[in-house]
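Enquirer: The following block contains the structure, expressed as structure tokens.
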Amino acid sequence: MKYKNSPRFISYLTRNALALILAGGRGVRLKQLTKWRAKPAVPFGGKFRIIDFSLSNCVNSGIRRIGVLTQYKSHSLNLHIQRGWGHFRGELREFVELLPAQQRIEASWYSGTADSVYQNLDIIRTHSPDHVLILAGDHIYKMDYGTMLARHVDYNADVTVGCIEVPLEKASAFGVMSVDEEMRINKFVEKPETPESMPGNNRYALCSMGIYIFNTKFLYEQLIRDADDPKSSHDFGKDVLPRIIDRYRVCAYPFTDSDNRVQAYWRDVGTVDAFWEANLELTAVTPELNLYDDEWPIWTLQEQLPPAKFIFDDEKRRGMAIDSMVSGGCIISGAMVRRSLLFSHVSVNDYSRVESSVVLPEVTIGKRCRISRAVIDKGCDIANDMVIGENPEEDREKYYVTPNGVVLVTPEMLGQSLHHVR
């Protein structure tokens, strides 16, 4: 490999790599949160969208040639990327391209993760990358892809798969692999009913993060072979990886904290419970995910918003927030917010109380409301005196209540349709 012994080796790898972010999924387990938006477009962390984490990882890693593959209800995702990620310099070969399903090769929409990349092979070829990174656009984490690229080259691998350790009882939702002492994958099963534990640790399984690095020529060969297979579902985890592990060098890259080599922060916010929990984790004194990290910032669309405001200081009407994150444009007017995360343009009015809740942008909470253990979707107008999260039976009659008792409230559930359809 050219420049392998150069101190600029990693920057050479990242400069000549192409990242493809798979952002077309429905995210059905997020229930009504993805009724009008793709999962990667769901707000997270007070001011971000889920996809901002994969995009920021690319930029912070030095990868500035990025394609975003979209399909399901992508309008809000498209707007976010166009408005928030349009600052790249074309003359420097930098870009974030939207790659919607457009039947470029086949007369069909994307039918799987591998098919979505296959249908854009002609576009990939025009960029002539040395390596192609395939990234999931719906996970929350901070990762240096440059280090993974360097390890891929050191492995002399055809494919490298990012992996994490997952508790065995949760591993059936992932691709589960086993590896030898050189980290070469010798078995890969997508979402097995009975996952195989790691050697020497029967409580955890080694699972795929949905992150792959391919040598470009090898990727072309395998995608064409997969497209020609009438029995394939055209998915990387189900079809491509299991077929190649016996014949080619497919290696695992454990995602660990570089300082102490323990499992690094990674969250799949694919359910309402997981989404609620991951957001509220950010309100802890020292959360695992540090959003205040100047060395690895999370980039996003920066709206021009006034500071958050807390008003009234009467004994029974004091505007305050405790153990909470409150975004720009919010007004806490004589109300109490405790261990909650408020996105931009949220108003909480007199004598109301919000506890252990995630409130998405542009929500108005009226007077004397009590809200606990809830996710309030964008645009909801909570009327005066409403109580949410205290009576599960009553909540189930009007809202969605998760297995762990978190209440999801959307405008449609309140009879406040924001999307007018025939």
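The way I read the labels, and the way they are meant: chains A, B, ... in the order of the structure tokens, residue 1 as the first residue of every chain, and ligand 1 as the first ligand shown, with later ones counted on from there.
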Do you know which residues are at most 7 Å from stretch 150-157 of chain A counting only C-alpha atoms, after dropping those on the same chain fewer than 6 positions away, and could you put them as a PDB file with all heavy atoms, in the first residue's frame?

Expert:
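Result went into selection_3.pdb, see below:
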ATOM      1  N   ILE A  10      -2.763   7.551   7.535  1.00  0.00           N
ATOM      2  CA  ILE A  10      -4.207   7.547   7.786  1.00  0.00           C
ATOM      3  C   ILE A  10      -4.895   8.649   6.994  1.00  0.00           C
ATOM      4  O   ILE A  10      -5.978   8.446   6.429  1.00  0.00           O
ATOM      5  CB  ILE A  10      -4.500   7.670   9.295  1.00  0.00           C
ATOM      6  CG1 ILE A  10      -4.078   6.384  10.012  1.00  0.00           C
ATOM      7  CG2 ILE A  10      -5.977   7.938   9.541  1.00  0.00           C
ATOM      8  CD1 ILE A  10      -4.357   6.388  11.498  1.00  0.00           C
ATOM      9  N   ARG A 249     -10.700 -12.773   3.094  1.00  0.00           N
ATOM     10  CA  ARG A 249     -10.286 -12.260   4.406  1.00  0.00           C
ATOM     11  C   ARG A 249     -11.323 -11.244   4.899  1.00  0.00           C
ATOM     12  O   ARG A 249     -11.351 -10.097   4.441  1.00  0.00           O
ATOM     13  CB  ARG A 249      -8.904 -11.616   4.329  1.00  0.00           C
ATOM     14  CG  ARG A 249      -7.769 -12.641   4.243  1.00  0.00           C
ATOM     15  CD  ARG A 249      -6.411 -11.980   4.423  1.00  0.00           C
ATOM     16  NE  ARG A 249      -6.251 -11.374   5.734  1.00  0.00           N
ATOM     17  CZ  ARG A 249      -5.903 -12.036   6.827  1.00  0.00           C
ATOM     18  NH1 ARG A 249      -5.711 -13.350   6.787  1.00  0.00           N
ATOM     19  NH2 ARG A 249      -5.746 -11.393   7.978  1.00  0.00           N
ATOM     20  N   VAL A 250     -12.165 -11.709   5.810  1.00  0.00           N
ATOM     21  CA  VAL A 250     -13.183 -10.858   6.428  1.00  0.00           C
ATOM     22  C   VAL A 250     -12.815 -10.746   7.904  1.00  0.00           C
ATOM     23  O   VAL A 250     -12.821 -11.743   8.631  1.00  0.00           O
ATOM     24  CB  VAL A 250     -14.600 -11.442   6.255  1.00  0.00           C
ATOM     25  CG1 VAL A 250     -15.641 -10.502   6.857  1.00  0.00           C
ATOM     26  CG2 VAL A 250     -14.900 -11.701   4.782  1.00  0.00           C
ATOM     27  N   CYS A 251     -12.472  -9.541   8.339  1.00  0.00           N
ATOM     28  CA  CYS A 251     -11.934  -9.349   9.687  1.00  0.00           C
ATOM     29  C   CYS A 251     -12.860  -8.485  10.533  1.00  0.00           C
ATOM     30  O   CYS A 251     -13.667  -7.704  10.010  1.00  0.00           O
ATOM     31  CB  CYS A 251     -10.548  -8.710   9.610  1.00  0.00           C
ATOM     32  SG  CYS A 251      -9.328  -9.751   8.771  1.00  0.00           S
TER      33      CYS A 251
END

Enquirer: Please, which residues in stretch 321-352 of chain A fall within 12 Å of stretch 256-276 of chain A when counting only C-alpha atoms, and what is the closest atom pair and distance in Å to one decimal for each, ordered by chain then residue number, as a Markdown table?

Expert:
| residue | atom | partner | partner_atom | distance |
| --- | --- | --- | --- | --- |
| A:Arg339 | CA | A:Trp276 | CA | 11.8 |
| A:Ser340 | CA | A:Trp276 | CA | 9.9 |
| A:Leu341 | CA | A:Trp276 | CA | 9.6 |

Enquirer: Print the selection's residues with N, CA, C and O atoms to a file, as a CSV table (one decimal), in the first residue's frame.

Expert:
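Below you can see part.csv, which holds the result:
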chain,number,residue,atom,x,y,z
A,339,ARG,N,-34.9,16.4,35.3
A,339,ARG,CA,-34.3,15.3,34.6
A,339,ARG,C,-35.0,15.0,33.3
A,339,ARG,O,-35.5,14.0,33.0
A,340,SER,N,-35.0,16.1,32.5
A,340,SER,CA,-35.7,16.0,31.2
A,340,SER,C,-34.8,16.7,30.1
A,340,SER,O,-33.8,17.4,30.4
A,341,LEU,N,-35.1,16.4,28.9
A,341,LEU,CA,-34.4,17.0,27.7
A,341,LEU,C,-35.4,17.7,26.8
A,341,LEU,O,-36.3,17.1,26.3

Enquirer: Find the residues near A:Asp239: any atom within 12 Å, counting only C-alpha atoms, skip ones fewer than 3 places away on the same chain, and give them as a short mmCIF file (atom, residue, chain, number, x, y, z; two decimals) with all heavy atoms, in the first residue's frame.

Expert:
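Saved file selection.cif follows:
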data_model
loop_
_atom_site.label_atom_id
_atom_site.label_comp_id
_atom_site.auth_asym_id
_atom_site.auth_seq_id
_atom_site.Cartn_x
_atom_site.Cartn_y
_atom_site.Cartn_z
N GLY A 112 -32.76 -4.02 -0.25
CA GLY A 112 -31.92 -4.46 0.85
C GLY A 112 -30.70 -3.56 0.94
O GLY A 112 -30.46 -2.73 0.06
N THR A 113 -29.91 -3.73 2.00
CA THR A 113 -28.75 -2.85 2.18
C THR A 113 -27.75 -3.01 1.05
O THR A 113 -27.19 -2.02 0.54
CB THR A 113 -28.08 -3.13 3.53
OG1 THR A 113 -27.73 -4.52 3.62
CG2 THR A 113 -29.00 -2.77 4.68
N ALA A 114 -27.49 -4.25 0.63
CA ALA A 114 -26.54 -4.46 -0.47
C ALA A 114 -27.10 -3.94 -1.78
O ALA A 114 -26.36 -3.35 -2.60
CB ALA A 114 -26.20 -5.95 -0.59
N ASP A 115 -28.39 -4.12 -2.00
CA ASP A 115 -29.00 -3.64 -3.23
C ASP A 115 -28.95 -2.12 -3.32
O ASP A 115 -28.79 -1.56 -4.42
CB ASP A 115 -30.45 -4.12 -3.32
CG ASP A 115 -31.15 -3.65 -4.58
OD1 ASP A 115 -30.71 -4.06 -5.67
OD2 ASP A 115 -32.11 -2.87 -4.48
N GLY A 175 -26.29 -9.00 13.86
CA GLY A 175 -25.49 -10.02 13.23
C GLY A 175 -24.43 -10.47 14.21
O GLY A 175 -23.68 -9.66 14.73
N PHE A 188 -20.63 -16.03 10.71
CA PHE A 188 -21.46 -14.83 10.81
C PHE A 188 -22.91 -15.25 10.57
O PHE A 188 -23.24 -15.82 9.53
CB PHE A 188 -21.04 -13.79 9.77
CG PHE A 188 -21.73 -12.45 9.93
CD1 PHE A 188 -21.08 -11.39 10.56
CD2 PHE A 188 -23.02 -12.23 9.47
CE1 PHE A 188 -21.69 -10.17 10.73
CE2 PHE A 188 -23.65 -11.02 9.63
CZ PHE A 188 -22.98 -9.98 10.26
N VAL A 189 -23.77 -14.96 11.55
CA VAL A 189 -25.20 -15.29 11.44
C VAL A 189 -26.00 -14.03 11.74
O VAL A 189 -25.84 -13.42 12.80
CB VAL A 189 -25.60 -16.42 12.41
CG1 VAL A 189 -27.07 -16.76 12.22
CG2 VAL A 189 -24.72 -17.64 12.20
N GLU A 190 -26.86 -13.65 10.82
CA GLU A 190 -27.67 -12.45 11.00
C GLU A 190 -28.89 -12.75 11.85
O GLU A 190 -29.71 -13.63 11.54
CB GLU A 190 -28.12 -11.92 9.62
CG GLU A 190 -28.94 -10.64 9.67
CD GLU A 190 -28.12 -9.41 10.01
OE1 GLU A 190 -26.89 -9.53 10.19
OE2 GLU A 190 -28.72 -8.33 10.10
N GLN A 222 -18.57 -8.42 -5.44
CA GLN A 222 -19.54 -9.09 -4.57
C GLN A 222 -20.95 -8.56 -4.76
O GLN A 222 -21.92 -9.32 -4.67
CB GLN A 222 -19.10 -8.97 -3.11
CG GLN A 222 -17.76 -9.61 -2.81
CD GLN A 222 -17.66 -11.03 -3.33
OE1 GLN A 222 -18.59 -11.83 -3.16
NE2 GLN A 222 -16.55 -11.34 -4.00
N LEU A 223 -21.10 -7.27 -5.03
CA LEU A 223 -22.44 -6.72 -5.25
C LEU A 223 -23.02 -7.24 -6.57
O LEU A 223 -24.22 -7.53 -6.64
CB LEU A 223 -22.39 -5.20 -5.25
CG LEU A 223 -22.14 -4.54 -3.89
CD1 LEU A 223 -22.10 -3.02 -4.05
CD2 LEU A 223 -23.21 -4.93 -2.88
N ARG A 225 -22.25 -10.09 -8.00
CA ARG A 225 -22.56 -11.50 -7.77
C ARG A 225 -23.86 -11.64 -6.96
O ARG A 225 -24.71 -12.49 -7.27
CB ARG A 225 -21.40 -12.16 -7.01
CG ARG A 225 -21.64 -13.62 -6.68
CD ARG A 225 -20.42 -14.20 -6.00
NE ARG A 225 -19.26 -14.14 -6.89
CZ ARG A 225 -18.03 -14.49 -6.51
NH1 ARG A 225 -17.80 -14.89 -5.27
NH2 ARG A 225 -17.03 -14.42 -7.37
N ASP A 226 -24.03 -10.79 -5.96
CA ASP A 226 -25.25 -10.85 -5.15
C ASP A 226 -26.48 -10.47 -5.97
O ASP A 226 -27.54 -11.09 -5.84
CB ASP A 226 -25.13 -9.91 -3.94
CG ASP A 226 -26.37 -9.88 -3.10
OD1 ASP A 226 -26.63 -10.87 -2.37
OD2 ASP A 226 -27.11 -8.87 -3.16
N ALA A 227 -26.34 -9.45 -6.83
CA ALA A 227 -27.48 -9.02 -7.65
C ALA A 227 -27.92 -10.10 -8.63
O ALA A 227 -29.10 -10.18 -9.00
CB ALA A 227 -27.10 -7.74 -8.41
N ASP A 229 -27.94 -13.27 -7.99
CA ASP A 229 -28.46 -14.42 -7.25
C ASP A 229 -29.96 -14.24 -7.00
O ASP A 229 -30.36 -13.40 -6.18
CB ASP A 229 -27.71 -14.55 -5.93
CG ASP A 229 -28.16 -15.77 -5.12
OD1 ASP A 229 -29.09 -16.48 -5.56
OD2 ASP A 229 -27.59 -16.01 -4.03
N PRO A 230 -30.81 -15.01 -7.66
CA PRO A 230 -32.27 -14.82 -7.49
C PRO A 230 -32.77 -15.20 -6.10
O PRO A 230 -33.86 -14.81 -5.69
CB PRO A 230 -32.87 -15.74 -8.56
CG PRO A 230 -31.82 -16.77 -8.80
CD PRO A 230 -30.50 -16.08 -8.61
N LYS A 231 -31.97 -15.96 -5.34
CA LYS A 231 -32.40 -16.39 -4.01
C LYS A 231 -31.98 -15.41 -2.92
O LYS A 231 -32.37 -15.56 -1.77
CB LYS A 231 -31.82 -17.77 -3.70
CG LYS A 231 -32.34 -18.86 -4.62
CD LYS A 231 -31.75 -20.21 -4.24
CE LYS A 231 -32.26 -21.32 -5.16
NZ LYS A 231 -31.68 -22.64 -4.80
N SER A 232 -31.17 -14.42 -3.27
CA SER A 232 -30.66 -13.49 -2.27
C SER A 232 -31.70 -12.44 -1.89
O SER A 232 -32.50 -12.01 -2.72
CB SER A 232 -29.40 -12.79 -2.80
OG SER A 232 -28.95 -11.80 -1.89
N SER A 233 -31.67 -12.02 -0.63
CA SER A 233 -32.49 -10.88 -0.19
C SER A 233 -31.71 -9.58 -0.32
O SER A 233 -32.20 -8.53 0.05
CB SER A 233 -32.94 -11.08 1.26
OG SER A 233 -31.83 -11.18 2.13
N HIS A 234 -30.48 -9.67 -0.82
CA HIS A 234 -29.63 -8.51 -1.15
C HIS A 234 -29.33 -7.66 0.08
O HIS A 234 -29.46 -6.44 0.05
CB HIS A 234 -30.28 -7.68 -2.26
CG HIS A 234 -30.71 -8.50 -3.44
ND1 HIS A 234 -29.83 -9.27 -4.16
CD2 HIS A 234 -31.93 -8.69 -4.01
CE1 HIS A 234 -30.48 -9.91 -5.13
NE2 HIS A 234 -31.74 -9.58 -5.05
N ASP A 235 -28.93 -8.34 1.13
CA ASP A 235 -28.60 -7.68 2.39
C ASP A 235 -27.16 -8.05 2.76
O ASP A 235 -26.74 -9.21 2.61
CB ASP A 235 -29.56 -8.13 3.49
CG ASP A 235 -29.34 -7.40 4.79
OD1 ASP A 235 -29.90 -6.30 4.95
OD2 ASP A 235 -28.61 -7.94 5.65
N PHE A 236 -26.39 -7.08 3.25
CA PHE A 236 -25.01 -7.37 3.62
C PHE A 236 -24.94 -8.43 4.72
O PHE A 236 -24.16 -9.39 4.62
CB PHE A 236 -24.32 -6.08 4.10
CG PHE A 236 -23.87 -5.19 2.98
CD1 PHE A 236 -24.49 -3.96 2.79
CD2 PHE A 236 -22.85 -5.56 2.13
CE1 PHE A 236 -24.09 -3.12 1.75
CE2 PHE A 236 -22.44 -4.73 1.09
CZ PHE A 236 -23.06 -3.51 0.91
N PRO A 242 -22.13 -13.76 5.00
CA PRO A 242 -22.05 -15.21 5.19
C PRO A 242 -21.48 -15.95 3.98
O PRO A 242 -20.83 -16.99 4.15
CB PRO A 242 -23.52 -15.60 5.46
CG PRO A 242 -24.14 -14.36 6.00
CD PRO A 242 -23.48 -13.23 5.27
N ARG A 243 -21.68 -15.41 2.78
CA ARG A 243 -21.23 -16.10 1.59
C ARG A 243 -19.71 -15.99 1.38
O ARG A 243 -19.09 -16.86 0.77
CB ARG A 243 -21.95 -15.55 0.36
CG ARG A 243 -21.65 -16.30 -0.93
CD ARG A 243 -22.46 -15.80 -2.10
NE ARG A 243 -22.18 -14.40 -2.40
CZ ARG A 243 -23.08 -13.43 -2.36
NH1 ARG A 243 -24.32 -13.71 -2.00
NH2 ARG A 243 -22.75 -12.19 -2.64
N ILE A 244 -19.09 -14.93 1.91
CA ILE A 244 -17.69 -14.69 1.57
C ILE A 244 -16.71 -15.05 2.67
O ILE A 244 -15.50 -15.11 2.41
CB ILE A 244 -17.47 -13.21 1.18
CG1 ILE A 244 -17.75 -12.28 2.37
CG2 ILE A 244 -18.32 -12.84 -0.03
CD1 ILE A 244 -17.49 -10.81 2.07
N ILE A 245 -17.16 -15.32 3.89
CA ILE A 245 -16.20 -15.47 5.01
C ILE A 245 -15.30 -16.68 4.84
O ILE A 245 -14.18 -16.68 5.37
CB ILE A 245 -16.93 -15.51 6.37
CG1 ILE A 245 -17.95 -16.64 6.43
CG2 ILE A 245 -17.55 -14.18 6.70
CD1 ILE A 245 -18.58 -16.81 7.79
#

Enquirer: Find, counting only C-alpha atoms, the residue in A:Val363, A:Ile164, A:Leu69, A:Ala19 that gets nearest to A:His131.

Expert: A:Ala19

Enquirer: Among stretch 127-240 of chain A, which residues carry a DSSP assignment of strand (DSSP E or B), reported as a short mmCIF file (atom, residue, chain, number, x, y, z; two decimals) with N, CA, C and O atoms, in the first residue's frame?

Expert:
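Generated output (states32.cif):
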data_model
loop_
_atom_site.label_atom_id
_atom_site.label_comp_id
_atom_site.auth_asym_id
_atom_site.auth_seq_id
_atom_site.Cartn_x
_atom_site.Cartn_y
_atom_site.Cartn_z
N HIS A 131 -11.19 2.77 -0.96
CA HIS A 131 -12.01 1.98 -0.04
C HIS A 131 -13.40 2.60 0.05
O HIS A 131 -13.55 3.81 -0.10
N VAL A 132 -14.38 1.76 0.33
CA VAL A 132 -15.75 2.23 0.53
C VAL A 132 -16.19 1.83 1.93
O VAL A 132 -16.12 0.65 2.30
N LEU A 133 -16.62 2.82 2.70
CA LEU A 133 -17.19 2.55 4.02
C LEU A 133 -18.70 2.51 3.89
O LEU A 133 -19.31 3.42 3.32
N ILE A 134 -19.30 1.44 4.39
CA ILE A 134 -20.76 1.32 4.44
C ILE A 134 -21.16 1.55 5.88
O ILE A 134 -20.77 0.81 6.78
N LEU A 135 -21.96 2.59 6.12
CA LEU A 135 -22.29 3.00 7.49
C LEU A 135 -23.81 3.01 7.69
O LEU A 135 -24.55 3.46 6.81
N ALA A 136 -24.24 2.55 8.84
CA ALA A 136 -25.64 2.71 9.22
C ALA A 136 -25.86 4.15 9.67
O ALA A 136 -25.04 4.71 10.39
N HIS A 139 -27.55 5.09 14.25
CA HIS A 139 -26.98 4.76 15.54
C HIS A 139 -26.29 5.98 16.14
O HIS A 139 -25.87 6.88 15.42
N ILE A 140 -26.17 5.98 17.47
CA ILE A 140 -25.56 7.09 18.19
C ILE A 140 -24.21 6.64 18.73
O ILE A 140 -24.13 5.75 19.57
N TYR A 141 -23.13 7.26 18.24
CA TYR A 141 -21.79 6.90 18.70
C TYR A 141 -20.80 7.90 18.11
O TYR A 141 -21.12 8.66 17.19
N VAL A 159 -12.63 -7.28 3.56
CA VAL A 159 -13.72 -6.58 4.26
C VAL A 159 -13.37 -6.54 5.74
O VAL A 159 -12.85 -7.51 6.29
N THR A 160 -13.66 -5.42 6.38
CA THR A 160 -13.55 -5.31 7.83
C THR A 160 -14.91 -4.89 8.38
O THR A 160 -15.55 -3.98 7.84
N VAL A 161 -15.33 -5.56 9.45
CA VAL A 161 -16.63 -5.34 10.05
C VAL A 161 -16.45 -4.74 11.45
O VAL A 161 -15.78 -5.35 12.30
N GLY A 162 -17.03 -3.56 11.70
CA GLY A 162 -17.01 -2.99 13.04
C GLY A 162 -17.88 -3.82 13.96
O GLY A 162 -18.99 -4.24 13.58
N CYS A 163 -17.40 -4.09 15.19
CA CYS A 163 -18.17 -4.97 16.07
C CYS A 163 -18.13 -4.46 17.51
O CYS A 163 -17.22 -3.76 17.93
N ILE A 164 -19.14 -4.83 18.26
CA ILE A 164 -19.26 -4.50 19.67
C ILE A 164 -19.68 -5.74 20.44
O ILE A 164 -20.17 -6.72 19.86
N GLU A 165 -19.48 -5.69 21.75
CA GLU A 165 -19.94 -6.76 22.62
C GLU A 165 -21.34 -6.42 23.12
O GLU A 165 -21.56 -5.34 23.67
N VAL A 166 -22.27 -7.35 22.94
CA VAL A 166 -23.68 -7.14 23.30
C VAL A 166 -24.11 -8.23 24.27
O VAL A 166 -23.76 -9.40 24.07
N PRO A 167 -24.85 -7.87 25.34
CA PRO A 167 -25.37 -8.92 26.23
C PRO A 167 -26.11 -9.99 25.44
O PRO A 167 -26.86 -9.68 24.50
N GLY A 175 -26.29 -9.00 13.86
CA GLY A 175 -25.49 -10.02 13.23
C GLY A 175 -24.43 -10.47 14.21
O GLY A 175 -23.68 -9.66 14.73
N VAL A 176 -24.37 -11.78 14.50
CA VAL A 176 -23.46 -12.32 15.51
C VAL A 176 -22.33 -13.07 14.81
O VAL A 176 -22.56 -13.85 13.89
N MET A 177 -21.10 -12.81 15.26
CA MET A 177 -19.93 -13.41 14.61
C MET A 177 -19.04 -14.09 15.62
O MET A 177 -19.10 -13.83 16.82
N SER A 178 -18.20 -14.97 15.11
CA SER A 178 -17.11 -15.54 15.90
C SER A 178 -15.82 -15.31 15.13
O SER A 178 -15.82 -15.26 13.90
N VAL A 179 -14.71 -15.15 15.86
CA VAL A 179 -13.44 -14.80 15.24
C VAL A 179 -12.33 -15.69 15.77
O VAL A 179 -12.45 -16.30 16.85
N ARG A 184 -9.93 -12.70 12.43
CA ARG A 184 -10.59 -13.08 11.17
C ARG A 184 -11.92 -13.75 11.50
O ARG A 184 -11.98 -14.65 12.36
N ILE A 185 -12.97 -13.31 10.86
CA ILE A 185 -14.31 -13.84 11.12
C ILE A 185 -14.44 -15.21 10.47
O ILE A 185 -14.19 -15.38 9.27
N ASN A 186 -14.82 -16.21 11.25
CA ASN A 186 -15.02 -17.54 10.70
C ASN A 186 -16.48 -17.99 10.73
O ASN A 186 -16.81 -19.07 10.25
N LYS A 187 -17.33 -17.15 11.30
CA LYS A 187 -18.77 -17.46 11.30
C LYS A 187 -19.55 -16.17 11.48
O LYS A 187 -19.17 -15.32 12.28
N PHE A 188 -20.63 -16.03 10.71
CA PHE A 188 -21.46 -14.83 10.81
C PHE A 188 -22.91 -15.25 10.57
O PHE A 188 -23.24 -15.82 9.53
N VAL A 189 -23.77 -14.96 11.55
CA VAL A 189 -25.20 -15.29 11.44
C VAL A 189 -26.00 -14.03 11.74
O VAL A 189 -25.84 -13.42 12.80
N GLU A 190 -26.86 -13.65 10.82
CA GLU A 190 -27.67 -12.45 11.00
C GLU A 190 -28.89 -12.75 11.85
O GLU A 190 -29.71 -13.63 11.54
N MET A 198 -19.35 -15.29 23.20
CA MET A 198 -17.93 -15.13 22.93
C MET A 198 -17.12 -16.19 23.69
O MET A 198 -17.52 -16.59 24.79
N ASN A 201 -16.47 -15.86 27.59
CA ASN A 201 -17.43 -14.91 28.17
C ASN A 201 -18.82 -15.31 27.71
O ASN A 201 -19.27 -14.91 26.63
N TYR A 204 -21.83 -12.48 26.85
CA TYR A 204 -21.84 -11.53 25.74
C TYR A 204 -21.61 -12.24 24.41
O TYR A 204 -20.98 -13.30 24.35
N ALA A 205 -22.11 -11.59 23.34
CA ALA A 205 -21.86 -12.04 21.98
C ALA A 205 -21.15 -10.92 21.23
O ALA A 205 -21.33 -9.73 21.54
N LEU A 206 -20.35 -11.28 20.23
CA LEU A 206 -19.67 -10.30 19.39
C LEU A 206 -20.58 -9.99 18.21
O LEU A 206 -20.89 -10.87 17.41
N CYS A 207 -21.02 -8.73 18.11
CA CYS A 207 -22.08 -8.37 17.16
C CYS A 207 -21.64 -7.27 16.20
O CYS A 207 -20.84 -6.40 16.54
N SER A 208 -22.20 -7.32 15.01
CA SER A 208 -21.90 -6.33 13.99
C SER A 208 -22.56 -5.00 14.31
O SER A 208 -23.70 -4.93 14.76
N MET A 209 -21.83 -3.90 14.06
CA MET A 209 -22.36 -2.55 14.22
C MET A 209 -23.05 -2.06 12.94
O MET A 209 -23.56 -0.94 12.90
N GLY A 210 -23.02 -2.88 11.88
CA GLY A 210 -23.53 -2.41 10.59
C GLY A 210 -22.58 -1.45 9.92
O GLY A 210 -22.98 -0.62 9.11
N ILE A 211 -21.27 -1.56 10.25
CA ILE A 211 -20.22 -0.74 9.67
C ILE A 211 -19.26 -1.66 8.93
O ILE A 211 -18.70 -2.59 9.53
N TYR A 212 -19.06 -1.42 7.63
CA TYR A 212 -18.19 -2.27 6.83
C TYR A 212 -17.21 -1.41 6.04
O TYR A 212 -17.58 -0.34 5.54
N ILE A 213 -15.98 -1.89 5.92
CA ILE A 213 -15.01 -1.29 5.00
C ILE A 213 -14.67 -2.33 3.94
O ILE A 213 -14.24 -3.45 4.27
N PHE A 214 -14.88 -1.97 2.68
CA PHE A 214 -14.60 -2.85 1.55
C PHE A 214 -13.47 -2.27 0.71
O PHE A 214 -13.42 -1.05 0.48
N ASN A 215 -12.58 -3.14 0.24
CA ASN A 215 -11.75 -2.76 -0.89
C ASN A 215 -12.68 -2.55 -2.08
O ASN A 215 -13.56 -3.38 -2.33
#

Enquirer: Give me the residues within 7 Å of A:Arg368 as a list in words, counting only C-alpha atoms and dropping any in the same chain fewer than 3 places off.

Expert: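 Once the adjacent positions are removed, what remains is Asp350, Tyr351, Ser352, Asn384 and Asp385 of chain A.
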
Enquirer: Of the candidates A:Asp377, A:Pro100, A:Pro392, A:Asp144, which shows the shortest atom-to-atom distance to A:Leu418, using only C-alpha atoms?

Expert: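 Smallest separation from A:Leu418 among the options: A:Asp377.
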
Enquirer: Excluding A:Ala101 and any residue of its chain fewer than 4 positions from it, enumerate the residues within 7 Å of it, using only C-alpha atoms, and give them as number ranges by chain.

Expert: A: 70-71, 109-110
